[in-house]
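Have a look at structure.csv below; it lists CSV, N, CA and C atoms.
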chain,number,residue,atom,x,y,z
A,5,MET,N,40.0,40.3,-28.7
A,5,MET,CA,39.0,41.1,-28.1
A,5,MET,C,39.5,42.4,-27.6
A,6,SER,N,38.7,43.4,-27.4
A,6,SER,CA,39.2,44.7,-27.0
A,6,SER,C,38.8,44.9,-25.5
A,7,SER,N,39.7,45.4,-24.8
A,7,SER,CA,39.4,45.8,-23.4
A,7,SER,C,38.5,47.0,-23.3
A,8,LYS,N,38.3,47.7,-24.4
A,8,LYS,CA,37.4,48.9,-24.3
A,8,LYS,C,36.0,48.5,-23.8
A,9,ARG,N,35.7,47.2,-23.9
A,9,ARG,CA,34.4,46.8,-23.5
A,9,ARG,C,34.4,46.4,-22.0
A,10,SER,N,35.5,46.5,-21.4
A,10,SER,CA,35.6,46.0,-20.0
A,10,SER,C,34.6,46.6,-19.0
A,11,LYS,N,33.9,45.8,-18.4
A,11,LYS,CA,33.0,46.2,-17.3
A,11,LYS,C,33.6,46.1,-16.0
A,12,ASN,N,34.9,45.7,-15.9
A,12,ASN,CA,35.6,45.5,-14.7
A,12,ASN,C,36.9,46.3,-14.8
A,13,PRO,N,36.9,47.6,-14.9
A,13,PRO,CA,38.1,48.4,-15.2
A,13,PRO,C,39.2,48.3,-14.1
A,14,ALA,N,38.8,47.9,-12.9
A,14,ALA,CA,39.8,47.8,-11.8
A,14,ALA,C,40.8,46.7,-12.1
A,15,LEU,N,40.4,45.7,-12.8
A,15,LEU,CA,41.3,44.5,-13.1
A,15,LEU,C,42.1,44.9,-14.3
A,16,PRO,N,43.4,44.6,-14.2
A,16,PRO,CA,44.3,44.7,-15.4
A,16,PRO,C,43.8,43.8,-16.5
A,17,VAL,N,43.9,44.3,-17.8
A,17,VAL,CA,43.4,43.6,-18.9
A,17,VAL,C,44.6,43.4,-19.9
A,18,LEU,N,44.3,42.6,-21.0
A,18,LEU,CA,45.4,42.3,-21.9
A,18,LEU,C,46.0,43.6,-22.5
A,19,ASP,N,45.2,44.6,-22.8
A,19,ASP,CA,45.7,45.8,-23.4
A,19,ASP,C,46.8,46.4,-22.5
A,20,ASP,N,46.6,46.3,-21.2
A,20,ASP,CA,47.6,46.8,-20.2
A,20,ASP,C,48.9,46.1,-20.4
A,21,ALA,N,48.8,44.7,-20.5
A,21,ALA,CA,50.0,43.9,-20.6
A,21,ALA,C,50.8,44.1,-21.9
A,22,PHE,N,50.0,44.4,-23.0
A,22,PHE,CA,50.7,44.6,-24.3
A,22,PHE,C,51.5,45.9,-24.3
A,23,ARG,N,51.3,46.8,-23.3
A,23,ARG,CA,52.1,48.0,-23.2
A,23,ARG,C,53.4,47.8,-22.4
A,24,LEU,N,53.6,46.6,-21.8
A,24,LEU,CA,54.8,46.3,-21.0
A,24,LEU,C,56.0,46.0,-21.9
A,25,ALA,N,57.1,46.5,-21.5
A,25,ALA,CA,58.3,46.3,-22.3
A,25,ALA,C,58.6,44.8,-22.5
A,26,SER,N,58.4,44.0,-21.5
A,26,SER,CA,58.7,42.6,-21.6
A,26,SER,C,57.8,41.9,-22.6
A,27,VAL,N,56.6,42.4,-22.8
A,27,VAL,CA,55.7,41.8,-23.8
A,27,VAL,C,56.1,42.4,-25.2
A,28,LYS,N,56.3,43.6,-25.3
A,28,LYS,CA,56.7,44.2,-26.5
A,28,LYS,C,58.0,43.6,-27.1
A,29,ASP,N,58.9,43.2,-26.2
A,29,ASP,CA,60.2,42.6,-26.6
A,29,ASP,C,60.1,41.1,-26.9
A,30,ALA,N,59.0,40.5,-26.6
A,30,ALA,CA,58.8,39.1,-26.9
A,30,ALA,C,58.7,38.9,-28.4
A,31,GLU,N,59.1,37.7,-28.8
A,31,GLU,CA,58.9,37.4,-30.3
A,31,GLU,C,57.5,37.4,-30.6
A,32,GLU,N,57.2,37.9,-31.9
A,32,GLU,CA,55.8,38.0,-32.3
A,32,GLU,C,55.0,36.8,-32.1
A,33,SER,N,55.6,35.6,-32.3
A,33,SER,CA,54.9,34.3,-32.2
A,33,SER,C,54.5,34.0,-30.8
A,34,THR,N,55.1,34.6,-29.8
A,34,THR,CA,54.9,34.3,-28.4
A,34,THR,C,54.3,35.5,-27.7
A,35,ARG,N,54.1,36.6,-28.4
A,35,ARG,CA,53.6,37.9,-27.7
A,35,ARG,C,52.3,37.7,-27.0
A,36,ASP,N,51.3,37.1,-27.7
A,36,ASP,CA,50.0,36.9,-27.1
A,36,ASP,C,50.1,36.1,-25.8
A,37,LEU,N,50.8,35.0,-25.8
A,37,LEU,CA,50.9,34.2,-24.5
A,37,LEU,C,51.6,35.1,-23.5
A,38,ALA,N,52.7,35.8,-23.9
A,38,ALA,CA,53.4,36.6,-22.9
A,38,ALA,C,52.5,37.7,-22.3
A,39,ALA,N,51.6,38.2,-23.1
A,39,ALA,CA,50.6,39.2,-22.6
A,39,ALA,C,49.6,38.6,-21.6
A,40,ARG,N,49.2,37.4,-22.0
A,40,ARG,CA,48.2,36.7,-21.1
A,40,ARG,C,48.9,36.3,-19.8
A,41,LEU,N,50.1,35.8,-19.8
A,41,LEU,CA,50.8,35.5,-18.5
A,41,LEU,C,51.1,36.8,-17.7
A,42,ALA,N,51.4,37.9,-18.4
A,42,ALA,CA,51.7,39.1,-17.7
A,42,ALA,C,50.4,39.6,-17.1
A,43,THR,N,49.3,39.5,-17.8
A,43,THR,CA,48.0,39.9,-17.2
A,43,THR,C,47.7,39.1,-16.0
A,44,THR,N,48.0,37.8,-16.0
A,44,THR,CA,47.8,37.0,-14.8
A,44,THR,C,48.5,37.5,-13.6
A,45,GLU,N,49.8,37.8,-13.8
A,45,GLU,CA,50.6,38.3,-12.7
A,45,GLU,C,50.1,39.7,-12.3
A,46,LEU,N,49.8,40.6,-13.2
A,46,LEU,CA,49.3,41.9,-12.8
A,46,LEU,C,48.0,41.8,-12.0
A,47,ARG,N,47.1,40.9,-12.3
A,47,ARG,CA,45.9,40.7,-11.5
A,47,ARG,C,46.2,40.1,-10.2
A,48,ARG,N,47.1,39.2,-10.1
A,48,ARG,CA,47.5,38.6,-8.8
A,48,ARG,C,48.1,39.6,-7.9
A,49,VAL,N,48.9,40.5,-8.4
A,49,VAL,CA,49.5,41.5,-7.6
A,49,VAL,C,48.5,42.6,-7.2
A,50,SER,N,47.7,43.1,-8.1
A,50,SER,CA,46.8,44.2,-7.8
A,50,SER,C,45.5,43.7,-7.1
A,51,HIS,N,45.1,42.5,-7.2
A,51,HIS,CA,43.9,41.9,-6.5
A,51,HIS,C,44.2,40.6,-5.8
A,52,PRO,N,45.0,40.7,-4.8
A,52,PRO,CA,45.4,39.4,-4.1
A,52,PRO,C,44.2,38.7,-3.5
A,53,GLY,N,43.1,39.3,-3.3
A,53,GLY,CA,41.9,38.6,-2.7
A,53,GLY,C,41.2,37.8,-3.7
A,54,ARG,N,41.5,38.0,-5.0
A,54,ARG,CA,40.8,37.2,-6.1
A,54,ARG,C,41.7,36.1,-6.6
A,55,VAL,N,41.1,35.0,-7.0
A,55,VAL,CA,41.8,33.9,-7.6
A,55,VAL,C,41.9,34.2,-9.1
A,56,THR,N,43.1,34.1,-9.6
A,56,THR,CA,43.3,34.2,-11.1
A,56,THR,C,44.0,33.0,-11.6
A,57,TRP,N,43.4,32.4,-12.7
A,57,TRP,CA,43.9,31.2,-13.3
A,57,TRP,C,44.6,31.6,-14.6
A,58,GLU,N,45.8,31.0,-14.8
A,58,GLU,CA,46.5,31.3,-16.1
A,58,GLU,C,45.8,30.7,-17.3
A,59,PRO,N,46.1,31.1,-18.5
A,59,PRO,CA,45.5,30.5,-19.6
A,59,PRO,C,45.9,29.0,-19.8
A,60,THR,N,47.0,28.6,-19.1
A,60,THR,CA,47.4,27.2,-19.2
A,60,THR,C,46.8,26.4,-18.0
A,61,ASP,N,46.1,27.0,-17.1
A,61,ASP,CA,45.4,26.2,-16.1
A,61,ASP,C,44.2,25.5,-16.6
A,62,GLN,N,44.4,24.2,-17.0
A,62,GLN,CA,43.4,23.5,-17.7
A,62,GLN,C,42.5,22.7,-16.8
A,63,ALA,N,42.9,22.4,-15.6
A,63,ALA,CA,42.0,21.7,-14.6
A,63,ALA,C,41.0,22.6,-14.1
A,64,GLU,N,39.7,22.2,-14.2
A,64,GLU,CA,38.6,23.1,-13.7
A,64,GLU,C,38.8,23.1,-12.1
A,65,PRO,N,38.7,24.3,-11.6
A,65,PRO,CA,38.9,24.5,-10.1
A,65,PRO,C,37.8,23.8,-9.3
A,66,VAL,N,38.1,23.4,-8.1
A,66,VAL,CA,37.1,22.9,-7.2
A,66,VAL,C,37.2,23.7,-5.9
A,67,PRO,N,36.1,24.3,-5.5
A,67,PRO,CA,34.8,24.5,-6.2
A,67,PRO,C,35.0,25.4,-7.3
A,68,VAL,N,34.1,25.3,-8.3
A,68,VAL,CA,34.1,26.1,-9.5
A,68,VAL,C,33.4,27.4,-9.2
A,69,PRO,N,34.0,28.5,-9.6
A,69,PRO,CA,33.4,29.8,-9.4
A,69,PRO,C,32.1,29.9,-10.3
A,70,PRO,N,31.1,30.6,-9.9
A,70,PRO,CA,29.9,30.8,-10.8
A,70,PRO,C,30.1,31.8,-11.9
A,71,THR,N,31.1,32.7,-11.7
A,71,THR,CA,31.4,33.7,-12.7
A,71,THR,C,32.9,34.0,-12.7
A,72,VAL,N,33.4,34.3,-13.9
A,72,VAL,CA,34.8,34.7,-14.1
A,72,VAL,C,34.9,35.9,-15.0
A,73,VAL,N,36.0,36.6,-15.0
A,73,VAL,CA,36.3,37.7,-15.9
A,73,VAL,C,37.4,37.2,-16.7
A,74,ASP,N,37.3,37.4,-18.0
A,74,ASP,CA,38.4,36.9,-18.9
A,74,ASP,C,39.5,38.0,-19.1
A,75,GLY,N,40.4,37.7,-19.9
A,75,GLY,CA,41.6,38.6,-20.1
A,75,GLY,C,41.3,40.0,-20.5
A,76,ASP,N,40.1,40.2,-21.2
A,76,ASP,CA,39.7,41.5,-21.6
A,76,ASP,C,38.7,42.2,-20.6
A,77,GLY,N,38.4,41.5,-19.5
A,77,GLY,CA,37.5,42.1,-18.5
A,77,GLY,C,36.1,41.7,-18.8
A,78,ASP,N,35.8,40.8,-19.7
A,78,ASP,CA,34.4,40.4,-20.0
A,78,ASP,C,34.0,39.3,-19.1
A,79,LEU,N,32.7,39.3,-18.7
A,79,LEU,CA,32.1,38.4,-17.8
A,79,LEU,C,31.6,37.1,-18.5
A,80,TRP,N,31.9,36.0,-17.8
A,80,TRP,CA,31.4,34.7,-18.3
A,80,TRP,C,30.7,34.0,-17.1
A,81,LEU,N,29.6,33.3,-17.4
A,81,LEU,CA,28.8,32.6,-16.4
A,81,LEU,C,28.8,31.1,-16.6
A,82,ARG,N,28.8,30.4,-15.5
A,82,ARG,CA,28.9,28.9,-15.6
A,82,ARG,C,27.4,28.4,-15.4
A,83,ASP,N,27.1,27.5,-16.3
A,83,ASP,CA,25.8,26.8,-16.2
A,83,ASP,C,26.0,25.6,-15.2
A,84,ARG,N,25.4,25.7,-14.1
A,84,ARG,CA,25.6,24.6,-13.1
A,84,ARG,C,25.2,23.2,-13.5
A,85,GLY,N,24.2,23.2,-14.4
A,85,GLY,CA,23.7,21.9,-14.9
A,85,GLY,C,24.6,21.2,-15.9
A,86,THR,N,25.2,22.0,-16.7
A,86,THR,CA,26.1,21.4,-17.8
A,86,THR,C,27.6,21.6,-17.5
A,87,GLY,N,27.9,22.6,-16.6
A,87,GLY,CA,29.3,22.9,-16.3
A,87,GLY,C,30.0,23.7,-17.4
A,88,THR,N,29.2,24.2,-18.4
A,88,THR,CA,29.8,25.0,-19.5
A,88,THR,C,29.6,26.5,-19.2
A,89,TRP,N,30.3,27.3,-20.0
A,89,TRP,CA,30.4,28.7,-19.8
A,89,TRP,C,29.9,29.5,-21.0
A,90,THR,N,29.2,30.6,-20.7
A,90,THR,CA,28.7,31.5,-21.7
A,90,THR,C,28.9,32.9,-21.3
A,91,MET,N,29.0,33.8,-22.4
A,91,MET,CA,29.1,35.2,-22.1
A,91,MET,C,27.8,35.9,-22.2
A,92,PRO,N,27.2,36.3,-21.1
A,92,PRO,CA,25.9,36.9,-21.1
A,92,PRO,C,25.7,38.1,-21.9
A,93,GLU,N,26.7,38.9,-22.1
A,93,GLU,CA,26.6,40.2,-22.8
A,93,GLU,C,27.1,40.0,-24.3
A,94,PHE,N,27.1,38.8,-24.8
A,94,PHE,CA,27.5,38.6,-26.2
A,94,PHE,C,26.7,39.4,-27.2
A,95,ASN,N,27.4,40.1,-28.0
A,95,ASN,CA,26.7,40.8,-29.1
A,95,ASN,C,27.6,40.6,-30.3
A,96,PRO,N,27.1,40.0,-31.4
A,96,PRO,CA,27.9,39.6,-32.5
A,96,PRO,C,28.5,40.9,-33.2
A,97,LYS,N,28.0,42.0,-33.0
A,97,LYS,CA,28.6,43.2,-33.6
A,97,LYS,C,29.9,43.7,-32.8
A,98,GLU,N,30.0,43.3,-31.5
A,98,GLU,CA,31.1,43.7,-30.7
A,98,GLU,C,32.1,42.6,-30.4
A,99,PHE,N,31.7,41.4,-30.5
A,99,PHE,CA,32.6,40.3,-30.0
A,99,PHE,C,32.8,39.3,-31.2
A,100,PRO,N,33.9,38.6,-31.2
A,100,PRO,CA,34.1,37.5,-32.1
A,100,PRO,C,33.1,36.4,-31.9
A,101,ALA,N,32.7,35.7,-33.0
A,101,ALA,CA,31.7,34.7,-32.9
A,101,ALA,C,31.9,33.6,-31.8
A,102,ARG,N,33.2,33.3,-31.6
A,102,ARG,CA,33.5,32.3,-30.6
A,102,ARG,C,33.0,32.7,-29.2
A,103,CYS,N,32.8,34.0,-28.9
A,103,CYS,CA,32.3,34.4,-27.6
A,103,CYS,C,30.9,34.1,-27.5
A,104,GLY,N,30.2,33.8,-28.5
A,104,GLY,CA,28.7,33.5,-28.4
A,104,GLY,C,28.5,32.0,-28.3
A,105,GLU,N,29.6,31.2,-28.3
A,105,GLU,CA,29.4,29.8,-28.1
A,105,GLU,C,29.5,29.3,-26.7
A,106,VAL,N,29.0,28.1,-26.5
A,106,VAL,CA,29.1,27.5,-25.1
A,106,VAL,C,30.4,26.8,-25.0
A,107,LEU,N,31.2,27.2,-24.0
A,107,LEU,CA,32.6,26.7,-23.9
A,107,LEU,C,32.8,25.9,-22.7
A,108,THR,N,33.8,24.9,-22.7
A,108,THR,CA,34.2,24.2,-21.5
A,108,THR,C,35.2,25.1,-20.8
A,109,TRP,N,35.5,24.7,-19.6
A,109,TRP,CA,36.6,25.5,-18.8
A,109,TRP,C,37.9,25.5,-19.6
A,110,ASN,N,38.3,24.3,-20.2
A,110,ASN,CA,39.5,24.3,-20.9
A,110,ASN,C,39.5,25.2,-22.1
A,111,GLU,N,38.5,25.3,-22.8
A,111,GLU,CA,38.4,26.2,-24.0
A,111,GLU,C,38.4,27.7,-23.5
A,112,LEU,N,37.7,28.0,-22.5
A,112,LEU,CA,37.6,29.3,-22.0
A,112,LEU,C,39.0,29.8,-21.5
A,113,ALA,N,39.6,29.0,-20.6
A,113,ALA,CA,40.9,29.3,-20.1
A,113,ALA,C,42.0,29.5,-21.2
A,114,CYS,N,42.0,28.6,-22.1
A,114,CYS,CA,43.0,28.6,-23.2
A,114,CYS,C,42.8,29.8,-24.1
A,115,GLU,N,41.6,30.0,-24.5
A,115,GLU,CA,41.3,31.0,-25.6
A,115,GLU,C,41.1,32.4,-25.0
A,116,PHE,N,40.6,32.5,-23.8
A,116,PHE,CA,40.2,33.9,-23.3
A,116,PHE,C,40.9,34.2,-21.9
A,117,GLY,N,41.7,33.3,-21.4
A,117,GLY,CA,42.4,33.5,-20.2
A,117,GLY,C,43.4,34.6,-20.2
A,118,PRO,N,43.8,35.1,-19.1
A,118,PRO,CA,43.6,34.6,-17.7
A,118,PRO,C,42.1,34.8,-17.3
A,119,LEU,N,41.7,33.9,-16.4
A,119,LEU,CA,40.4,34.0,-15.8
A,119,LEU,C,40.5,34.4,-14.4
A,120,THR,N,39.6,35.3,-13.9
A,120,THR,CA,39.7,35.8,-12.6
A,120,THR,C,38.3,35.7,-11.9
A,121,ALA,N,38.3,35.1,-10.7
A,121,ALA,CA,37.0,35.0,-10.0
A,121,ALA,C,36.4,36.5,-9.8
A,122,LEU,N,35.1,36.6,-10.0
A,122,LEU,CA,34.5,37.9,-9.9
A,122,LEU,C,34.6,38.4,-8.4
A,123,ALA,N,34.4,37.5,-7.5
A,123,ALA,CA,34.4,38.0,-6.1
A,123,ALA,C,35.8,37.9,-5.4
A,124,ASP,N,36.0,38.8,-4.5
A,124,ASP,CA,37.2,38.7,-3.7
A,124,ASP,C,37.0,37.6,-2.6
A,125,ASP,N,37.3,36.4,-3.0
A,125,ASP,CA,37.1,35.3,-2.0
A,125,ASP,C,38.1,34.2,-2.3
A,126,ARG,N,39.1,34.1,-1.5
A,126,ARG,CA,40.2,33.1,-1.7
A,126,ARG,C,39.7,31.7,-1.6
A,127,ARG,N,38.5,31.4,-1.1
A,127,ARG,CA,38.0,30.1,-1.0
A,127,ARG,C,37.5,29.5,-2.3
A,128,ILE,N,37.3,30.4,-3.3
A,128,ILE,CA,36.8,30.0,-4.6
A,128,ILE,C,37.9,29.3,-5.4
A,129,GLY,N,37.6,28.1,-5.9
A,129,GLY,CA,38.5,27.4,-6.8
A,129,GLY,C,39.8,27.0,-6.3
A,130,GLY,N,40.5,26.2,-7.1
A,130,GLY,CA,41.8,25.7,-6.7
A,130,GLY,C,42.9,26.2,-7.5
A,131,GLY,N,42.7,27.4,-8.1
A,131,GLY,CA,43.8,27.9,-8.9
A,131,GLY,C,45.0,28.3,-8.1
A,132,ARG,N,46.1,28.4,-8.7
A,132,ARG,CA,47.3,28.8,-8.0
A,132,ARG,C,47.2,30.2,-7.4
A,133,ARG,N,47.6,30.3,-6.2
A,133,ARG,CA,47.4,31.6,-5.5
A,133,ARG,C,48.8,32.1,-5.1
A,134,ARG,N,49.1,33.3,-5.5
A,134,ARG,CA,50.4,33.9,-5.2
A,134,ARG,C,50.2,35.3,-4.5
Please, can you express the file's structure as structure tokens?
Amino acid sequence: MSSKRSKNPALPVLDDAFRLASVKDAEESTRDLAARLATTELRRVSHPGRVTWEPTDQAEPVPVPPTVVDGDGDLWLRDRGTGTWTMPEFNPKEFPARCGEVLTWNELACEFGPLTALADDRRIGGGRRR
């Protein structure tokens, strides 16, 4: 996905991480994960009031935030009834088809992480806080 769609420009996005020397120097097979982990750290440093979960954080946080921003800066909403996640601004012309599907926390974190709570509130979720 492209960060050009980002509605949350204050948050670092994957495109920012792909410009880092450490990510550029990573082996091609691990570059995507390196960028996702670097984005996680960039967000934690630049927005210490927000909780950010790594793409490897598979345990759903308690309490679960109602909204998160993915690695590209796109918004995802949680359905409280089902516990699943959807992208409200999904447009098949702009986003991969997978973004139009209903996802579990594990799928969302793994495929589109890091995930960051929309609000500056350290009480949200149980993600690692640094």
For a cut-off of 8 Å around (24.3, 30.9, -14.5), file coordinates, pick out all residues using only C-alpha atoms and list them as an NGL selection string. :A and (70-71 or 81-84)
Quick one: contact table of segment 54-83 of chain A to segment 96-109 of chain A, 7 Å max, nearest atom pair and distance in Å to one decimal per residue, counting only N, CA and C atoms, chain and number order, as JSON lines?
{"residue": "A:Asp61", "atom": "C", "partner": "A:Trp109", "partner_atom": "C", "distance": 7.0}
{"residue": "A:Gln62", "atom": "C", "partner": "A:Trp109", "partner_atom": "C", "distance": 6.1}
{"residue": "A:Ala63", "atom": "C", "partner": "A:Trp109", "partner_atom": "C", "distance": 6.9}
{"residue": "A:Glu64", "atom": "CA", "partner": "A:Trp109", "partner_atom": "CA", "distance": 6.0}
Next, dump the selected residues to file, keeping only N, CA and C atoms, as an mmCIF file, keeping the file's coordinate frame.
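What landed in selection21.cif:
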data_model
loop_
_atom_site.group_PDB
_atom_site.id
_atom_site.type_symbol
_atom_site.label_atom_id
_atom_site.label_comp_id
_atom_site.auth_asym_id
_atom_site.auth_seq_id
_atom_site.Cartn_x
_atom_site.Cartn_y
_atom_site.Cartn_z
ATOM 1 N N ASP A 61 46.100 27.000 -17.100
ATOM 2 C CA ASP A 61 45.400 26.200 -16.100
ATOM 3 C C ASP A 61 44.200 25.500 -16.600
ATOM 4 N N GLN A 62 44.400 24.200 -17.000
ATOM 5 C CA GLN A 62 43.400 23.500 -17.700
ATOM 6 C C GLN A 62 42.500 22.700 -16.800
ATOM 7 N N ALA A 63 42.900 22.400 -15.600
ATOM 8 C CA ALA A 63 42.000 21.700 -14.600
ATOM 9 C C ALA A 63 41.000 22.600 -14.100
ATOM 10 N N GLU A 64 39.700 22.200 -14.200
ATOM 11 C CA GLU A 64 38.600 23.100 -13.700
ATOM 12 C C GLU A 64 38.800 23.100 -12.100
#
Could you state the separation of atom C of Val17 of chain A and atom C of Pro67 of chain A in Å, given to one decimal place?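 Spanning atom C of Val17 of chain A to atom C of Pro67 of chain A is a straight-line distance of 24.0 Å.
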Please, what distance in Å, to one decimal, runs between atom C of Asp20 of chain A and atom C of Asn95 of chain A?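 Answer for the atom C of Asp20 of chain A to atom C of Asn95 of chain A separation: 24.1 Å.
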Please run DSSP on the backbone and report, as a list in words, all residues within chain A that come out as strand (DSSP E). Thr56, Trp57, Thr71, Val72, Val73, Leu79, Trp80, Leu81, Arg82, Trp89, Thr90, Leu119, Thr120 and Ala121 of chain A
Could you check which of A:Pro16, A:Thr34, A:Thr44, A:Gly87 is closest to Glu58 of chain A, using all atoms listed in the file?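 So, comparing all the options, the nearest one is A:Thr44.
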I'd like to know which residues of segment 16-131 of chain A are helix (DSSP H, G or I) (by DSSP, run on the backbone); could you write them as a ChimeraX atom specification? /A:18-22,25-28,32-50,101-104,109-116
Coordinates-based distance that separates atom N of Ser26 of chain A from atom CA of Leu122 of chain A (Å, one decimal):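 Interatomic distance here is 27.3 Å.
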With distances taken over only C-alpha atoms, which of A:Ala25, A:Val68, A:Leu79, A:Ala14 is nearest to Arg47 of chain A?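 Selected residue with least distance to Arg47 of chain A: A:Ala14.
Here the question is which of A:Val27, A:Leu41, A:Met91, A:Leu18 gets nearest to Pro59 of chain A using only N, CA and C atoms, and that residue is A:Leu41.
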Top pick for closest residue to Val55 of chain A, considering A:Leu119, A:Val73, A:Leu112, A:Ala30 and counting only N, CA and C atoms: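 Comparing A:Leu119, A:Val73, A:Leu112, A:Ala30 against Val55 of chain A, the winner is A:Leu119.
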Because the input lacks atoms here, generate N, CA, C and O atoms for segment 39-52 of chain A and report them as a short mmCIF file (atom, residue, chain, number, x, y, z; two decimals), in the frame of the given file.
data_model
loop_
_atom_site.label_atom_id
_atom_site.label_comp_id
_atom_site.auth_asym_id
_atom_site.auth_seq_id
_atom_site.Cartn_x
_atom_site.Cartn_y
_atom_site.Cartn_z
N ALA A 39 51.60 38.20 -23.10
CA ALA A 39 50.60 39.20 -22.60
C ALA A 39 49.60 38.60 -21.60
O ALA A 39 49.26 39.13 -20.59
N ARG A 40 49.20 37.40 -22.00
CA ARG A 40 48.20 36.70 -21.10
C ARG A 40 48.90 36.30 -19.80
O ARG A 40 48.24 36.45 -18.71
N LEU A 41 50.10 35.80 -19.80
CA LEU A 41 50.80 35.50 -18.50
C LEU A 41 51.10 36.80 -17.70
O LEU A 41 50.97 36.76 -16.51
N ALA A 42 51.40 37.90 -18.40
CA ALA A 42 51.70 39.10 -17.70
C ALA A 42 50.40 39.60 -17.10
O ALA A 42 50.43 40.15 -15.94
N THR A 43 49.30 39.50 -17.80
CA THR A 43 48.00 39.90 -17.20
C THR A 43 47.70 39.10 -16.00
O THR A 43 47.18 39.67 -14.98
N THR A 44 48.00 37.80 -16.00
CA THR A 44 47.80 37.00 -14.80
C THR A 44 48.50 37.50 -13.60
O THR A 44 47.94 37.70 -12.56
N GLU A 45 49.80 37.80 -13.80
CA GLU A 45 50.60 38.30 -12.70
C GLU A 45 50.10 39.70 -12.30
O GLU A 45 50.11 40.01 -11.06
N LEU A 46 49.80 40.60 -13.20
CA LEU A 46 49.30 41.90 -12.80
C LEU A 46 48.00 41.80 -12.00
O LEU A 46 47.87 42.53 -10.98
N ARG A 47 47.10 40.90 -12.30
CA ARG A 47 45.90 40.70 -11.50
C ARG A 47 46.20 40.10 -10.20
O ARG A 47 45.61 40.53 -9.18
N ARG A 48 47.10 39.20 -10.10
CA ARG A 48 47.50 38.60 -8.80
C ARG A 48 48.10 39.60 -7.90
O ARG A 48 47.80 39.58 -6.65
N VAL A 49 48.90 40.50 -8.40
CA VAL A 49 49.50 41.50 -7.60
C VAL A 49 48.50 42.60 -7.20
O VAL A 49 48.44 43.04 -6.01
N SER A 50 47.70 43.10 -8.10
CA SER A 50 46.80 44.20 -7.80
C SER A 50 45.50 43.70 -7.10
O SER A 50 44.84 44.56 -6.47
N HIS A 51 45.10 42.50 -7.20
CA HIS A 51 43.90 41.90 -6.50
C HIS A 51 44.20 40.60 -5.80
O HIS A 51 43.76 39.56 -6.26
N PRO A 52 45.00 40.70 -4.80
CA PRO A 52 45.40 39.40 -4.10
C PRO A 52 44.20 38.70 -3.50
O PRO A 52 44.35 37.47 -3.20
#
